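Peer 1: Before anything else, here's the structure in question.
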There are 2 protein chains.
Amino acid sequence: MPDHKYVIAVDWGNSHLRAYLCDASIPHQLVIIAQKNGPGVAKAAIDFKATLLACIAPWLEQYGGLAVFMSGAIGSNIGWQESPYLPCPISPYDVATSCISVDIDDYDIQIAPGLSCVLSNGHHDALRGEETQILGWLMQRDSHRQGQHLLCLPGTHTKWVLVEDGKVKVFKTAITGELYDLLCNGSVLIQQGSEDFDPLAFDQGAKYTLTSEAGNLVHGLFSVRSKQLFGEFNTSQAANYLSGMLIGADVRAALNATEWRVSSFDSVSIIGPEKLDQHFANVLACEGINTTIYDSKEMTIAGFALLIAQQH
Amino acid sequence: MPDHKYVIAVDWGNSHLRAYLCDASIPHQLVIIAQKNGPGVAKAAIDFKATLLACIAPWLEQYGGLAVFMSGAIGSNIGWQESPYLPCPISPYDVATSCISVDIDDYDIQIAPGLSCVLSNGHHDALRGEETQILGWLMQRDSHRQGQHLLCLPGTHTKWVLVEDGKVKVFKTAITGELYDLLCNGSVLIQQGSEDFDPLAFDQGAKYTLTSEAGNLVHGLFSVRSKQLFGEFNTSQAANYLSGMLIGADVRAALNATEWRVSSFDSVSIIGPEKLDQHFANVLACEGINTTIYDSKEMTIAGFALLIAQQH
């Protein structure tokens with residue numbers, strides 16, 4: 001018999017699998033006991049069941065048939081089994097009642113649905129995984145469930161999310177992180193990536209895309225290479241400059257979005273991985289925008305706690 | 001003894017090696033006798049000498065130690081041996097006197113220099129290989145060597161080149177073709193590429209970037225995926241839509257460039273590979289810009305003819 005004291009929450013996106021063994025004995029709260037990481041959905045030719053079990057089998061053995069809750073790209077059409085997209089505006093609480101069960105013997109595995117919306121230009125947009133973080137963010141304080149708020153969730157894909165009275169109204173995706181990885185690892189711009197942060201090179205990149213003519217990202221990217229060719233930057237500085245350019249372009253597009261007016265918010269809530277959250281905060285600060293940073297893992301777990309509480 | 005009736009011209013860029021055995025017996029003219037292709041400079045861990053000889057060894061055996069002239073990324077800092085960048089404004093004729101000899105026994109191999117310039121925003125730009133095509137284009141008619149002309153050379157990297165009284169004055173690089181390849185082969189946007197041309201999807205992509213808000217490329221790219229998710233496009237249409245978006249962004253940036261005014265030219269000269277030249281022409285036509293298309297292989301060979309004539 002499954003032990004309801006423990007559950008497994010799995011955040012499985014395009015780039016990463018993060019599985020958490022959690023103690024669920026306090027109502028509406030999860031306490032992480034252990035974490036295991038694995039490859040993301042976008043990795044070629046991945047065996048989803050084997051990949052998941054490689055992470056969680058020891059926990060299943062120790063505690064019996066624990067319930068498993070997953071969210072993220074694992075529920076997309078390039079994932080394991082497709083869960084629906086719930087159209088906005090919608091309360092992320094409604095996600096809890098639309099989870100699907102994975103068709104698999106012996107295990108109780110649920111996948112959360114994603115959200116979809118229609119932008120003012122008629123394009124559809126979609127997210128998966130972030131709904132759990134937004135739900136966690138909504139639980140942080142009463143004021144988050146009242147009035148309008150703008151959230152920025154950077155990662156492989158940045159999601160800019162407009163929340164109104166506790167509902168997700170509309171959101172926009174930018175493939176900023178994915179573009180950075182592609183350009184660092186596969187283009188002539190950068191011959192090798194770097195982990196070092198260089199604030200001056202980063203700022204120079206961000207200022208370029210924040211202030212240049214319309215469309216100049218596509219004409220400006222080559223300067224990542226030319227600044228190395230002509231001795232202005234070493235490779236590490238060039239990688240930071242590229243990161244600044246892309247985040248600057250992303251922020252600038254958010255500032256120009258017709259779906260909201262960034263300056264109308266007292267503060268933009270950033271929910272992202274460490275360092276990246278700070279990079280977005282710095283670029284928004286260049287434009288005079290205040291930000292409040294929330295830890296993405298904390299928001300994910302808080303969101304899963306809500307989802308799971310509504311299932312039992 | 002080398003037979004001066006024949007020479008080998010090699011166009012060796014980031015993506016492709018194209019070697020031409022040419023009859024040079026008519027002054028200032030080359031006639032292609034045979035062509036062999038090989039991998040570009042950006043391919044990982046390439047042995048440049050072995051790669052070149054794999055293409056041209058049969059010609060060397062048949063005709064003795066022919067002179068070999070190369071241009072393109074092979075002369076860059078990620079190529080075989082670095083040739084200089086000549087600063088603009090400069091006449092491409094001057095390239096002929098700055099070729100470098102490859103340090104290699106038994107063979108007479110020359111690499112043409114590239115060109116560099118400083119843009120109005122202070123960024124450096126650089127090109128290699130296109131100088132040969134521009135030289136070929138200048139030879140097409142007297143009028144090309146008088147007054148101002150704007151050239152567009154699409155490829156892995158688009159080069160927009162301002163020519164004034166026979167000199168290259170300034171130019172801008174956009175990594176449009178490289179971005180397309182990266183996004184088609186390595187991103188979540190497209191699961192597999194397509195060779196089919198879909199004019200409606202292409203136009204829709206181009207119109208999006210030609211007309212949208214500043215910076216919206218980075219926010220618009222995700223629609224390549226969402227239009228597949230929500231049934232609007234199949235994969236092939238999505239790839240064409242992406243191509244249109246990127247070329248539209250490139251053209252829009254050229255229209256917004258501070259280094260020239262596109263509308264002041266009677267016609268923009270496009271020198272590019274087949275199909276791609278037509279795609280750029282179509283997008284420029286959307287903005288009311290006339291274009292004249294020149295075959296890139298023909299311009300390359302005409303440029304090499306000039307380079308080689310000045311060496312002998």
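Within each chain, counting starts at residue 1; across the structure tokens, chains are named A, B, ... in the order shown, with ligands numbered 1 upward in that order.
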Skipping near chain neighbours, those fewer than 4 positions away, what residues fall within 9 Å of Thr209 in chain A using only C-alpha atoms, listed as an MDAnalysis selection string?
Peer 2: (chainID A and resid 205 213 216:217 220 244:250 252) or (chainID B and resid 215)
Peer 1: Using only C-alpha atoms, which residues of chain A come within 8 Å of chain B, and what is the closest atom pair for each, with the distance in Å to one decimal? Give it as CSV, sorted by chain and residue number.
Peer 2:
```
residue,atom,partner,partner_atom,distance
A:Ala42,CA,B:Val188,CA,7.0
A:Asn77,CA,B:Leu229,CA,7.9
A:His123,CA,B:Ser223,CA,6.4
A:His124,CA,B:Ser226,CA,5.9
A:Asp125,CA,B:Ser226,CA,5.9
A:Ala126,CA,B:Ser226,CA,6.9
A:Lys172,CA,B:His219,CA,7.0
A:Thr173,CA,B:His219,CA,6.1
A:Ala174,CA,B:His219,CA,4.6
A:Ile175,CA,B:Phe222,CA,6.6
A:Thr176,CA,B:Val218,CA,7.0
A:Glu178,CA,B:Ser187,CA,7.2
A:Leu182,CA,B:Leu182,CA,6.6
A:Leu183,CA,B:Leu182,CA,7.9
A:Gly186,CA,B:Leu182,CA,7.2
A:Ser187,CA,B:Glu178,CA,7.2
A:Val188,CA,B:Ala42,CA,7.0
A:Glu213,CA,B:Asn256,CA,6.7
A:Ala214,CA,B:Ala214,CA,4.4
A:Gly215,CA,B:Ala253,CA,4.9
A:Asn216,CA,B:Ala253,CA,5.5
A:Leu217,CA,B:Gly215,CA,7.4
A:Val218,CA,B:Ala174,CA,5.7
A:His219,CA,B:Ala174,CA,4.6
A:Gly220,CA,B:Ala174,CA,7.3
A:Leu221,CA,B:Ala174,CA,7.1
A:Phe222,CA,B:Thr173,CA,6.3
A:Ser223,CA,B:His123,CA,6.4
A:Ser226,CA,B:Asp125,CA,5.9
A:Lys227,CA,B:His124,CA,7.0
A:Leu229,CA,B:Asn77,CA,7.9
A:Phe230,CA,B:His124,CA,7.4
A:Ala249,CA,B:Gly215,CA,5.8
A:Asp250,CA,B:Val218,CA,6.2
A:Arg252,CA,B:Gly215,CA,6.3
A:Ala253,CA,B:Gly215,CA,4.9
A:Asn256,CA,B:Glu213,CA,6.7
A:Ala257,CA,B:Glu213,CA,7.8
```
Peer 1: Output as a PyMOL selection string all residues of range 67-106 of chain A that backbone DSSP marks as strand (DSSP E or B).
Peer 2: chain A and resi 67-71+85-87+90+100-101
Peer 1: What does the file look like for those residues with N, CA and C atoms, as a CSV table (one decimal), in the first residue's frame?
Peer 2:
```
chain,number,residue,atom,x,y,z
A,67,ALA,N,3.0,7.8,-4.6
A,67,ALA,CA,2.4,8.6,-5.7
A,67,ALA,C,3.4,9.5,-6.3
A,68,VAL,N,3.4,9.7,-7.6
A,68,VAL,CA,4.3,10.5,-8.4
A,68,VAL,C,3.6,11.6,-9.1
A,69,PHE,N,4.0,12.8,-8.9
A,69,PHE,CA,3.3,14.0,-9.6
A,69,PHE,C,4.4,14.6,-10.5
A,70,MET,N,4.1,14.8,-11.8
A,70,MET,CA,5.1,15.4,-12.7
A,70,MET,C,4.4,16.6,-13.3
A,71,SER,N,5.3,17.6,-13.6
A,71,SER,CA,4.9,18.7,-14.5
A,71,SER,C,6.0,19.1,-15.4
A,85,TYR,N,-3.7,21.3,-22.6
A,85,TYR,CA,-3.4,22.7,-22.3
A,85,TYR,C,-4.7,23.4,-21.8
A,86,LEU,N,-4.7,24.0,-20.6
A,86,LEU,CA,-6.0,24.6,-20.2
A,86,LEU,C,-5.9,26.1,-20.6
A,87,PRO,N,-7.0,26.5,-21.3
A,87,PRO,CA,-6.9,27.9,-21.9
A,87,PRO,C,-7.0,29.0,-20.8
A,90,ILE,N,-7.2,31.5,-16.4
A,90,ILE,CA,-7.5,30.4,-15.6
A,90,ILE,C,-6.7,30.5,-14.3
A,100,ILE,N,-3.5,14.1,-15.7
A,100,ILE,CA,-3.8,12.8,-16.4
A,100,ILE,C,-2.9,11.7,-15.7
A,101,SER,N,-3.4,10.4,-15.8
A,101,SER,CA,-2.6,9.3,-15.3
A,101,SER,C,-1.8,8.7,-16.4
```
Peer 1: Just the alpha helix (DSSP H) stuff from range 8-161 of chain B, please, per backbone DSSP, written as a PyMOL selection string.
Peer 2: chain B and resi 48-63+130-138
Peer 1: Show which residues sit within 10 Å of range 47-59 of chain B, as a PyMOL selection string. Count only C-alpha atoms, and ignore same-chain residues fewer than 4 positions away.
Peer 2: chain B and resi 6-8+10+12+17-21+34-41+43+63-66+68+74+79-81+104
Peer 1: Atoms to include: N, CA and C atoms. Write the selected residues as a compact mmCIF listing (two decimals), in the first residue's frame.
Peer 2:
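After the write, part-v5.txt holds the following:
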```txt
# COMPACT_ATOMS: atom_id res chain seq x y z
N TYR B 6 46.02 26.37 -66.49
CA TYR B 6 44.99 26.01 -65.52
C TYR B 6 45.32 26.54 -64.14
N VAL B 7 44.30 26.90 -63.38
CA VAL B 7 44.48 27.27 -61.96
C VAL B 7 43.33 26.63 -61.17
N ILE B 8 43.54 26.62 -59.87
CA ILE B 8 42.49 26.10 -58.99
C ILE B 8 42.02 27.26 -58.09
N VAL B 10 39.49 28.23 -54.96
CA VAL B 10 38.79 27.54 -53.88
C VAL B 10 38.03 28.56 -53.02
N TRP B 12 36.22 28.69 -49.78
CA TRP B 12 36.16 27.82 -48.60
C TRP B 12 35.64 28.61 -47.41
N LEU B 17 33.25 23.88 -48.69
CA LEU B 17 34.42 24.07 -49.54
C LEU B 17 33.95 23.82 -50.97
N ARG B 18 34.25 24.77 -51.86
CA ARG B 18 33.94 24.57 -53.28
C ARG B 18 35.22 24.85 -54.08
N ALA B 19 35.78 23.78 -54.65
CA ALA B 19 37.03 23.89 -55.41
C ALA B 19 36.71 23.82 -56.90
N TYR B 20 37.30 24.75 -57.67
CA TYR B 20 37.05 24.81 -59.11
C TYR B 20 38.37 24.67 -59.87
N LEU B 21 38.44 23.71 -60.76
CA LEU B 21 39.54 23.65 -61.71
C LEU B 21 39.14 24.55 -62.88
N ALA B 34 35.99 21.79 -63.93
CA ALA B 34 35.49 20.77 -63.01
C ALA B 34 35.29 21.40 -61.64
N GLN B 35 34.40 20.79 -60.82
CA GLN B 35 34.13 21.29 -59.47
C GLN B 35 34.11 20.14 -58.48
N LYS B 36 34.68 20.34 -57.31
CA LYS B 36 34.59 19.35 -56.21
C LYS B 36 34.20 20.10 -54.94
N ASN B 37 33.33 19.48 -54.12
CA ASN B 37 32.91 20.10 -52.87
C ASN B 37 33.43 19.35 -51.65
N GLY B 38 33.56 20.05 -50.55
CA GLY B 38 34.01 19.44 -49.30
C GLY B 38 33.42 20.17 -48.12
N PRO B 39 33.80 19.78 -46.90
CA PRO B 39 33.24 20.40 -45.69
C PRO B 39 33.77 21.80 -45.42
N GLY B 40 32.97 22.62 -44.75
CA GLY B 40 33.35 23.99 -44.41
C GLY B 40 34.30 24.03 -43.22
N VAL B 41 34.84 25.23 -43.00
CA VAL B 41 35.85 25.45 -41.95
C VAL B 41 35.27 25.20 -40.55
N LYS B 43 33.32 22.97 -39.48
CA LYS B 43 33.22 21.55 -39.08
C LYS B 43 34.34 21.25 -38.08
N TYR B 63 47.70 17.74 -63.99
CA TYR B 63 48.27 18.95 -64.62
C TYR B 63 49.55 19.45 -63.97
N GLY B 64 50.08 18.72 -62.99
CA GLY B 64 51.29 19.18 -62.30
C GLY B 64 50.95 20.19 -61.23
N GLY B 65 51.94 20.92 -60.74
CA GLY B 65 51.76 21.80 -59.58
C GLY B 65 51.01 23.07 -59.90
N LEU B 66 49.70 22.97 -60.02
CA LEU B 66 48.89 24.14 -60.34
C LEU B 66 48.88 25.14 -59.18
N VAL B 68 47.07 27.49 -56.58
CA VAL B 68 45.78 27.38 -55.89
C VAL B 68 45.50 28.72 -55.19
N ILE B 74 38.61 30.11 -44.51
CA ILE B 74 39.86 29.36 -44.43
C ILE B 74 41.03 30.27 -44.01
N GLY B 79 40.54 29.19 -39.24
CA GLY B 79 40.87 28.51 -40.49
C GLY B 79 42.27 27.92 -40.46
N TRP B 80 42.86 27.81 -41.65
CA TRP B 80 44.15 27.14 -41.81
C TRP B 80 45.30 28.06 -41.39
N GLN B 81 45.31 29.23 -41.99
CA GLN B 81 46.37 30.19 -41.71
C GLN B 81 45.75 31.57 -41.89
N ILE B 104 53.61 25.54 -46.71
CA ILE B 104 53.39 24.14 -47.00
C ILE B 104 54.32 23.76 -48.17
```
Peer 1: For CA of Leu115 in chain B and CA of Pro89 in chain B, determine how far apart the two atoms are, in Å to one decimal place.
Peer 2: 9.1 Å
Peer 1: Grab the CA of Asp11 in chain A to CA of Asn185 in chain B distance for me, in Å with one decimal place.
Peer 2: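 According to the coordinates, CA of Asp11 in chain A and CA of Asn185 in chain B are separated by 25.4 Å.
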